[in-house]
Amino acid sequence: MPAHPQIVVFTYHKTGTVLFQSILASVAAQFGLKFAEYFGYVERIDPGLDIALLAHSLVPPRFAARPFRAIRVVRDPRDIWVSGYLYHRRCSEAWCTNTNFNPSPPITYPRVDYSFQHYPEVWKQRYLAWLGGKSYQQNLLDRDRPAGLAFELEGYSGQTFKAMRDWRLAAGKTVCCSATNDQTIQIIASGQGGILPASLPEPTTQSPEHDSDDILLVQLEAVQADFDAAMLAIFSHLKLSDQACAQAVEIARQHDLARMSDTAMTQFNHAHSRNPSRWRTFLSANQVRSFETCYADLILNLGYRLAGGGTDEKIPERPPPQPTTESSTTSRAAHLAHPPARKNAKRLIYCDPALRTYSGHSLTFGKHYQNGFQMLGQPLVTLAHREVDAAIGQEMNALGAFRLCPSSRTSADPLCGPTKSYLDVSQVIFEDLTAVKGIAGDDRIVFEASSPAAITGLTRWMHARGDSCPQVVVMLHNAAGVTGRRRPDGNIEAVPLGPEPALYRLAGLSIPAAIAQRLTFVTSYDCYAAVYADLLQQPVQRTPHPVAAVPTPIRRAGRSPIVVGFIGAQQPRKGFGLVPEVARRLLQQPLPIQVVVQDSFAAMQEPLAALQTLATTDSRLAVEVGPVDQPGWQAILDRCDLLVAPYDQQFFLVNGSGIVTDAIANGLPIVVPAETTLAALLHQHGCGPVTFQTTTVEAVAQAVEQAVSQHDQLCDAAHRGRDSWAQTNGPLAAAGGILNCFRGLA
């Protein structure tokens with residue numbers, strides 16, 4: 001049996017870690033191999049080992065730049081949630097029963113689990129405070145089932161799902177149960193069942209050091225459905241000889257739960273039953289629906305199917321969900337399986353020329369829409385900027401198609417620069433769409449348009465297609481270059497800030513009549529519907545917002561200190577120039593607060609430098625600079641207890657904010673300017689926000705002080721706002737709204 005390349009087994013909590021540890025230890029002993037198990041975040045493993053098991057699959061990106069053969073063992077996330085809840089109520093693991101809540105760093109096991117040890121100390125301190133003076137296990141025992149499941153999802157299982165989502169090493173094939181017989185297994189190519197046209201060139205997603213075929217994805221359900229066949233597939237993948245495979249399978253059989261006696265099963269503490277899947281009978285339909293709204297991407301990418309809707313009754317028992325095997329086409333390794341396409345569903349092509357980096361809202365919106373379309377079983381292709389970040393490309397399953405971002409400036413001429421840029425960029429968008437081969441007339445296109453040039457380039461391409469022009473929905477989610485002004489009669493009007501509104505009008509008036517019936521405009525912001533309808537002289541429909549409500553909002557009431565956050569892509573119209581003095585004033589007051597300032601753009605150096613100087617003299621202020629990925633952004637939201645949007649009141653009379661929608665979806669209190677679209681949205685969802693009447697240092701600081709004094713009440717209102725948001729918004733509702741628009745097109 002060859003000892004090299006090294007064998008690595010990746011597992012997660014409740015995905016069969018103890019089972020595979022037992023199997024591998026036995027096999028290693030038989031063949032004279034060196035085996036070790038690693039917990040938590042693993043920077044490197046001993047190169048002298050033959051087999052290593054990583055119990056939490058937490059590794060840095062550079063881990064892929066080394067030779068190995070590996071399997072990654074996963075399980076239906078809904079069963080991980082249920083199994084984690086049941087196990088943590090009865091286990092004796094030291095972190096789970098720990099009652100030492102001393103916040104002094106360094107915080108290590110058993111105050112936190114090994115999988116949390118690499119987190120920032122402030123996160124671990126907040127975790128200990130969140131336990132409320134009781135062990136993790138006691139928190140579960142003191143709650144009824146619904147509350148206990150919510151606690152588990154907010155706690156350990158939620159962090160497991162975060163780790164699974166953050167996984168960056170691609171798998172080449174999947175060991176899963178058969179789509180036609182849940183008692184047999186099969187091996188499918190990654191992404192089998194997805195639909196990507198062969199004529200659309202697909203860039204490589206793997207580093208030159210590591211091939212996706214080196215990793216085999218193994219569903220725990222497949223192991224328990226046909227243990228011997230799964231073991232044979234695993235050991236064959238690990239390059240054992242036929243004779244060694246047979247020996248290894250024979251050795252492994254002693255650990256097969258199906259072969260264990262009832263007495264042996266009672267002594268096996270890590271398995272609650274022989275049935276690997278219990279979520280259909282354990283969870284209510286509402287719990288399943290809420291979970292799938294937030295974790296549909298994870299469920300689908302691991303090769304499982306969604307349950308769908310229903311009333312608050314038990315989901316009928318049925319065989320474990322299986323990935324479809326109807327198509328032999330292969331998509332990116334980031335998407336291991338797709339749901340079966342709805343009968344007669346037409347392919348959807350999602351285009352966003354601005355999808356390139358972690359800055360802005362393109363990635364967030366794109367992922368939410370993608371999740372929603374997958375939940376609906378909608379075949380999907382994503383076209384992004386040609387220089388899309390490699391990690392984003394893999395995460396979004398995106399193909400590089402566009403050379404320029406729609407907002408690019410190609411001319412600095414002081415007189416006609418904007419117009420010249422509009423003409424240049426629209427020409428490039430037209431050419432890039434023309435260069436994409438394989439788009440059919442019966443395809444449906446969703447186009448994220450963030451500039452007038454993008455609209456013109458798109459509509460020129462549509463007109464050039466003639467009778468083969470597909471149906472197109474254009475999404476408008478960005479500010480249109482206008483500010484607000486209140487007229488003497490009290491009504492609000494939009495006022496141009498520069499040439500952009502005039503170019504939007506030109507783009508709208510330039511739409512050929514021949515394609516009008518194949519085109520519709522939509523936005524997920526009430527405020528933008530009227531603005532864009534006026535500028536484009538075209539009807540603009542309002543569709544649900546794609547941002548998903550968190551499954552269980554963090555309980556921020558009672559926290560001390562309260563973390564006050566000024567976060568996002570800081571700009572003048574967002575009042576960033578005021579933040580240094582606002583922060584200084586707040587920190588001078590006897591308030592139980594810490595302040596976090598996060599700036600994705602670092603475009604305003606003077607206030608940023610002032611804040612960084614202030615942070616050197618007051619440890620309660622943290623300043624973080626640079627773009628973050630979606631998990632990083634979620635971590636920032638989770639860290640904050642109160643957000644502050646010291647935004648320009650005039651501008652936000654007619655413009656929306658992604659920070660505010662994120663706050664509502666997360667059940668997170670936020671301070672905003674009064675009588676703006678932001679305040680109106682918060683009131684609409686019952687969040688009861690604290691507002692300020694004028695955008696000044698004094699007014700903003702006073703509003704924050706008021707919010708700190710009323711923090712518990714604001715947290716309760718924010719949780720109600722999250723519930724309201726979840727009823728009408730989120731990936732599934734947003735994707736459904738887009739598909740409904742296509743039904744209205746010719």
# chains A, B, ... in the order shown; residues from 1 in each chain; ligands from 1
call {"tool": "select_by_dssp", "arguments": {"residues": "segment 411-499 of chain A", "states": "strand (DSSP E)", "output": "PyMOL selection string"}}
result
chain A and resi 444-448+471-475+482-486+492-496
call {"tool": "atom_distance", "arguments": {"atom1": "atom CA of Phe101 of chain A", "atom2": "atom CA of Gly132 of chain A"}}
result
9.1 Å
call {"tool": "residues_around", "arguments": {"residues": "segment 663-680 of chain A", "least_positions_apart": "6", "cutoff": "9 Å", "atoms": "only C-alpha atoms", "output": "PyMOL selection string"}}
result
chain A and resi 526-527+547-556+637-638+640-657+687-695+700+703-704+707+711+714-726+730
call {"tool": "closest_residue", "arguments": {"among": "A:Phe10, A:Trp95, A:Phe63, A:Trp130", "to": "Ser560 of chain A", "atoms": "only C-alpha atoms"}}
result
A:Trp130
call {"tool": "select_by_dssp", "arguments": {"residues": "segment 387-437 of chain A", "states": "alpha helix (DSSP H)", "output": "number ranges by chain"}}
result
A: 390-396, 417-435
call {"tool": "residues_around", "arguments": {"residues": "His463 of chain A", "least_positions_apart": "5", "cutoff": "8 Å", "atoms": "only C-alpha atoms", "output": "short mmCIF file (atom, residue, chain, number, x, y, z; two decimals) with C-alpha atoms, in the first residue's frame"}}
result
data_model
loop_
_atom_site.label_atom_id
_atom_site.label_comp_id
_atom_site.auth_asym_id
_atom_site.auth_seq_id
_atom_site.Cartn_x
_atom_site.Cartn_y
_atom_site.Cartn_z
CA CYS A 469 -33.61 38.02 -29.05
CA PRO A 512 -35.63 50.26 -29.90
CA ALA A 514 -38.81 46.32 -31.59
CA ILE A 515 -37.43 44.89 -28.33
#
call {"tool": "atom_distance", "arguments": {"atom1": "atom CA of Ile7 of chain A", "atom2": "atom CA of Ile51 of chain A"}}
result
4.7 Å
call {"tool": "closest_residue", "arguments": {"among": "A:Gly457, A:Gly490, A:Gly568, A:Gly438", "to": "Leu423 of chain A", "atoms": "only C-alpha atoms"}}
result
A:Gly457
call {"tool": "closest_residue", "arguments": {"among": "A:Glu698, A:Gly632, A:Cys96, A:Gln254", "to": "Arg584 of chain A", "atoms": "only C-alpha atoms"}}
result
A:Glu698
call {"tool": "residues_around", "arguments": {"residues": "segment 75-90 of chain A", "least_positions_apart": "6", "cutoff": "7 Å", "atoms": "only C-alpha atoms", "output": "list in words"}}
result
Lys14, Thr15, Cys96, Gln137, Leu140, Leu141, Leu149, Glu152, Leu153, Ser157, Gln219, Leu220, Glu221, Ser277, Arg278, Trp279, Ile299 and Tyr304 of chain A
call {"tool": "write_last_selection", "arguments": {"atoms": "C-alpha atoms", "output": "PDB file, in the first residue's frame"}}
result
ATOM      1  CA  LYS A  14     -21.635  15.163  13.249  1.00  0.00           C
ATOM      2  CA  THR A  15     -20.575  13.975   9.788  1.00  0.00           C
ATOM      3  CA  CYS A  96     -19.990  21.594  26.039  1.00  0.00           C
ATOM      4  CA  GLN A 137     -25.340  21.909  27.345  1.00  0.00           C
ATOM      5  CA  LEU A 140     -30.016  23.385  25.615  1.00  0.00           C
ATOM      6  CA  LEU A 141     -31.508  21.436  28.513  1.00  0.00           C
ATOM      7  CA  LEU A 149     -32.863  24.069  18.112  1.00  0.00           C
ATOM      8  CA  GLU A 152     -27.995  25.170  18.514  1.00  0.00           C
ATOM      9  CA  LEU A 153     -28.299  26.850  15.108  1.00  0.00           C
ATOM     10  CA  SER A 157     -24.117  24.051  14.266  1.00  0.00           C
ATOM     11  CA  GLN A 219     -22.045  11.720   1.717  1.00  0.00           C
ATOM     12  CA  LEU A 220     -22.437   9.996   5.084  1.00  0.00           C
ATOM     13  CA  GLU A 221     -25.852   8.760   3.944  1.00  0.00           C
ATOM     14  CA  SER A 277     -31.477  11.076   8.582  1.00  0.00           C
ATOM     15  CA  ARG A 278     -34.132  12.189  11.066  1.00  0.00           C
ATOM     16  CA  TRP A 279     -34.847  15.776  10.118  1.00  0.00           C
ATOM     17  CA  ILE A 299     -27.766  22.015   0.979  1.00  0.00           C
ATOM     18  CA  TYR A 304     -28.907  17.288  -1.425  1.00  0.00           C
TER      19      TYR A 304
END
call {"tool": "residues_around", "arguments": {"residues": "Ile234 of chain A", "least_positions_apart": "2", "cutoff": "9 Å", "atoms": "only C-alpha atoms", "output": "list in words"}}
result
Ile71, Val175, Leu216, Val218, Ala229, Ala230, Met231, Leu232, Ser236, His237, Leu238, Lys239 and Cys245 of chain A
call {"tool": "write_last_selection", "arguments": {"atoms": "N, CA and C atoms", "output": "mmCIF file, in the first residue's frame"}}
result
data_model
loop_
_atom_site.group_PDB
_atom_site.id
_atom_site.type_symbol
_atom_site.label_atom_id
_atom_site.label_comp_id
_atom_site.auth_asym_id
_atom_site.auth_seq_id
_atom_site.Cartn_x
_atom_site.Cartn_y
_atom_site.Cartn_z
ATOM 1 N N ILE A 71 -10.518 12.613 1.004
ATOM 2 C CA ILE A 71 -11.971 12.535 0.957
ATOM 3 C C ILE A 71 -12.506 13.616 1.896
ATOM 4 N N VAL A 175 -19.515 10.649 -3.853
ATOM 5 C CA VAL A 175 -20.115 9.366 -3.510
ATOM 6 C C VAL A 175 -21.443 9.663 -2.837
ATOM 7 N N LEU A 216 -12.379 13.468 -3.049
ATOM 8 C CA LEU A 216 -13.646 12.786 -3.276
ATOM 9 C C LEU A 216 -14.632 13.235 -2.198
ATOM 10 N N VAL A 218 -17.794 12.623 -0.035
ATOM 11 C CA VAL A 218 -18.504 11.426 0.422
ATOM 12 C C VAL A 218 -19.674 11.843 1.298
ATOM 13 N N ALA A 229 -19.824 -0.870 -0.440
ATOM 14 C CA ALA A 229 -19.615 -0.191 -1.720
ATOM 15 C C ALA A 229 -18.987 1.182 -1.509
ATOM 16 N N ALA A 230 -19.422 1.887 -0.470
ATOM 17 C CA ALA A 230 -18.845 3.203 -0.193
ATOM 18 C C ALA A 230 -17.380 3.080 0.202
ATOM 19 N N MET A 231 -17.066 2.109 1.057
ATOM 20 C CA MET A 231 -15.670 1.915 1.466
ATOM 21 C C MET A 231 -14.793 1.558 0.271
ATOM 22 N N LEU A 232 -15.321 0.724 -0.615
ATOM 23 C CA LEU A 232 -14.549 0.345 -1.794
ATOM 24 C C LEU A 232 -14.273 1.567 -2.663
ATOM 25 N N SER A 236 -10.489 2.914 -3.185
ATOM 26 C CA SER A 236 -10.038 2.954 -4.584
ATOM 27 C C SER A 236 -9.588 4.362 -4.950
ATOM 28 N N HIS A 237 -10.343 5.362 -4.498
ATOM 29 C CA HIS A 237 -9.954 6.753 -4.757
ATOM 30 C C HIS A 237 -8.611 7.078 -4.112
ATOM 31 N N LEU A 238 -8.346 6.484 -2.958
ATOM 32 C CA LEU A 238 -7.091 6.747 -2.250
ATOM 33 C C LEU A 238 -5.917 5.966 -2.842
ATOM 34 N N LYS A 239 -6.165 5.317 -3.972
ATOM 35 C CA LYS A 239 -5.117 4.653 -4.763
ATOM 36 C C LYS A 239 -4.561 3.383 -4.104
ATOM 37 N N CYS A 245 -7.445 -2.789 -1.218
ATOM 38 C CA CYS A 245 -8.819 -2.303 -1.070
ATOM 39 C C CYS A 245 -9.694 -3.354 -0.403
#
call {"tool": "atom_distance", "arguments": {"atom1": "atom CA of Pro592 of chain A", "atom2": "atom CA of Ile562 of chain A"}}
result
6.2 Å
call {"tool": "residues_around", "arguments": {"residues": "segment 608-625 of chain A", "least_positions_apart": "3", "cutoff": "9 Å", "atoms": "only C-alpha atoms", "output": "MDAnalysis selection string"}}
result
chainID A and resid 576:577 579:581 583:584 587 593:605
